[in-house]
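Comments concern the structure below.
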Amino acid sequence: MAQKKEKFYTVWKGKRPGIYTTWKDCKAAITGYKGAQYKSFATFETAKKAYNGNYDDFKGKKKGELLLSPEQLLKIGRPNYHSIAVDAASSGNPGIMEYQGVDTKTGKKLFKQGPFAEGTNNIGEFLAIVHGLAFLKERKSDRIIYTDSRTAMSWVRKKTCNTKLKETSKNKVIFDLVRRALLWLENNSYDTPVVKWETKAWGEIPADFGRK
């Protein structure tokens with residue numbers, strides 16, 4: 001029988017903040033405490049570093065994993081919450097695709113399109129950014145846009161959609177949206193910065209569909 005892996009539990013906010021070596025003790029420290037903040041870690045060292053940091057630096061990371069050192073986190077800084085975050089999801093490649101934009105701070109959904117048949121994640125990410133640019137320009141907003149796709153950022157910057165996906169009768173609606181997006185980029189100027197979301201530092205982008 002395989003030996004159960006040891007875990008360490010960091011409690012930032014609870015009845016008794018600290019580092020615990022069992023889930024039983026951790027649970028006792030957080031049960032009944034509104035807004036408790038806690039995460040599990042594989043080693044005592046990472047649990048200790050996390051405890052000396054901030055819960056927000058680890059929230060959303062898989063199993064509380066310490067992906068960057070506190071020094072690296074300090075260098076990157078925190079997200080600019082005067083922003084919107086966009087993301088896409090595709091079940092297969094190609095597959096059922098959809099995209100959305102949310103308020104980065106609150107997670108409130110600002111727009112959503114799909115699901116569409118026979119799309120790709122890259123196309124969805126591209127459409128999400130352009131939709132976000134049009135959304136903010138229409139409202140004369142000075143917010144920035146966060147995306148976790150360097151490919152989509154490049155496509156938007158070059159005003160192209162360099163997908164290898166072929167247009168078919170099933171995905172024509174997606175390509176119609178792509179053509180509209182490219183036309184918008186050609187005919188509109190904008191000052192909105194499109195910024196890479198630092199997943200390793202901040203966890204999953206707030207617009208993530210949660211399918212990983």
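Chain labels run A, B, ... following the order of the structure tokens; each chain numbers its residues from 1, and ligands are numbered from 1 in the order shown.
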
Contacts of region 177-194 of chain A at 10 Å (only C-alpha atoms; same-chain gap of 4+ positions) as a PyMOL selection string: chain A and resi 83-85+123-124+126-134+136-137+141-147+153+155-161+172-173

Write a file of the selected residues as a PDB file, in the first residue's frame, keeping C-alpha atoms.
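Ended up saving to result.pdb:
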ATOM      1  CA  SER A  83      -8.963  46.296 -15.763  1.00  0.00           C
ATOM      2  CA  ILE A  84     -10.966  43.560 -17.390  1.00  0.00           C
ATOM      3  CA  ALA A  85      -9.776  39.988 -17.911  1.00  0.00           C
ATOM      4  CA  ILE A 123      -9.333  31.907 -31.978  1.00  0.00           C
ATOM      5  CA  GLY A 124     -11.446  32.333 -28.859  1.00  0.00           C
ATOM      6  CA  PHE A 126      -8.220  36.479 -30.096  1.00  0.00           C
ATOM      7  CA  LEU A 127     -11.945  37.235 -30.333  1.00  0.00           C
ATOM      8  CA  ALA A 128     -12.102  37.864 -26.586  1.00  0.00           C
ATOM      9  CA  ILE A 129      -9.371  40.522 -26.754  1.00  0.00           C
ATOM     10  CA  VAL A 130     -10.936  42.330 -29.704  1.00  0.00           C
ATOM     11  CA  HIS A 131     -14.359  42.160 -28.061  1.00  0.00           C
ATOM     12  CA  GLY A 132     -12.776  43.636 -24.936  1.00  0.00           C
ATOM     13  CA  LEU A 133     -11.150  46.453 -26.922  1.00  0.00           C
ATOM     14  CA  ALA A 134     -14.460  47.343 -28.566  1.00  0.00           C
ATOM     15  CA  LEU A 136     -13.945  49.495 -23.500  1.00  0.00           C
ATOM     16  CA  LYS A 137     -13.768  51.938 -26.406  1.00  0.00           C
ATOM     17  CA  SER A 141     -13.035  53.451 -20.433  1.00  0.00           C
ATOM     18  CA  ASP A 142      -9.356  53.782 -19.556  1.00  0.00           C
ATOM     19  CA  ARG A 143      -9.140  50.275 -18.087  1.00  0.00           C
ATOM     20  CA  ILE A 144      -6.560  47.789 -19.400  1.00  0.00           C
ATOM     21  CA  ILE A 145      -7.136  44.246 -20.668  1.00  0.00           C
ATOM     22  CA  TYR A 146      -5.522  41.131 -19.235  1.00  0.00           C
ATOM     23  CA  THR A 147      -5.121  37.945 -21.280  1.00  0.00           C
ATOM     24  CA  MET A 153      -1.824  39.192 -28.193  1.00  0.00           C
ATOM     25  CA  TRP A 155      -2.493  38.274 -33.584  1.00  0.00           C
ATOM     26  CA  VAL A 156      -4.194  41.424 -32.301  1.00  0.00           C
ATOM     27  CA  ARG A 157      -0.980  43.431 -32.560  1.00  0.00           C
ATOM     28  CA  LYS A 158      -0.433  42.258 -36.160  1.00  0.00           C
ATOM     29  CA  LYS A 159      -4.141  42.591 -37.028  1.00  0.00           C
ATOM     30  CA  THR A 160      -4.319  39.013 -38.229  1.00  0.00           C
ATOM     31  CA  CYS A 161      -5.796  35.684 -37.176  1.00  0.00           C
ATOM     32  CA  LYS A 172     -18.793  29.587 -40.409  1.00  0.00           C
ATOM     33  CA  VAL A 173     -20.247  31.681 -37.577  1.00  0.00           C
TER      34      VAL A 173
END

Run DSSP on the backbone and tell me which residues of region 11-211 of chain A come out as alpha helix (DSSP H); list them as a count of residues only. 70

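Residues within 9 Å of Ser91 (chain A), counting only C-alpha atoms and excluding same-chain residues fewer than 3 positions away, are Pro94, Gly95, Ile96, Met97, Gly119, Thr120, Asn121 and Arg211 of chain A.
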
Prev. selection, C-alpha atoms, output as a compact mmCIF listing (two decimals), in the first residue's frame:
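Written output follows (selection_16.txt):
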# COMPACT_ATOMS: atom_id res chain seq x y z
CA PRO A 94 -11.09 22.01 -32.72
CA GLY A 95 -14.07 21.66 -30.41
CA ILE A 96 -16.85 23.53 -28.68
CA MET A 97 -15.44 27.01 -28.04
CA GLY A 119 -13.47 26.37 -32.79
CA THR A 120 -10.02 26.60 -31.20
CA ASN A 121 -8.79 28.17 -28.01
CA ARG A 211 -11.95 23.39 -16.95

Hey, what's within 8 Å of Thr22 (chain A) if we count only C-alpha atoms and toss same-chain stuff fewer than 3 positions away? As number ranges by chain, please? A: 7-9, 25-26

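The shortest atom-to-atom distance to Tyr99 (chain A), with only C-alpha atoms taken into account, belongs to A:Glu125 out of A:Glu167, A:Glu125, A:Glu204, A:Asp56.
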
Top pick for closest residue to Ser90 (chain A), considering A:Ile76, A:Val102, A:Leu165, A:Ala117 and counting only C-alpha atoms: A:Ala117

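Proximity of A:Asn93, A:Ser149, A:Asn54, A:Thr10 to Ala42 (chain A), computed with only C-alpha atoms, is greatest for A:Thr10.
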
Would you compute the distance between CA of Ala36 (chain A) and CA of Arg78 (chain A)? Give it in Å to one decimal. 21.4 Å

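Going from CA of His82 (chain A) to CA of Trp197 (chain A) covers 13.5 Å.
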
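Take the candidates A:Glu198, A:Ala207, A:Tyr55, A:Glu118 and check each one against Gln100 (chain A) using only C-alpha atoms; the shortest distance goes to A:Ala207.
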
Apply DSSP to the backbone of this structure and, from region 7-128 of chain A, keep only the residues in strand (DSSP E or B); write these as an MDAnalysis selection string. chainID A and resid 8:13 18:20 37:41 83:92 95:103 109:119
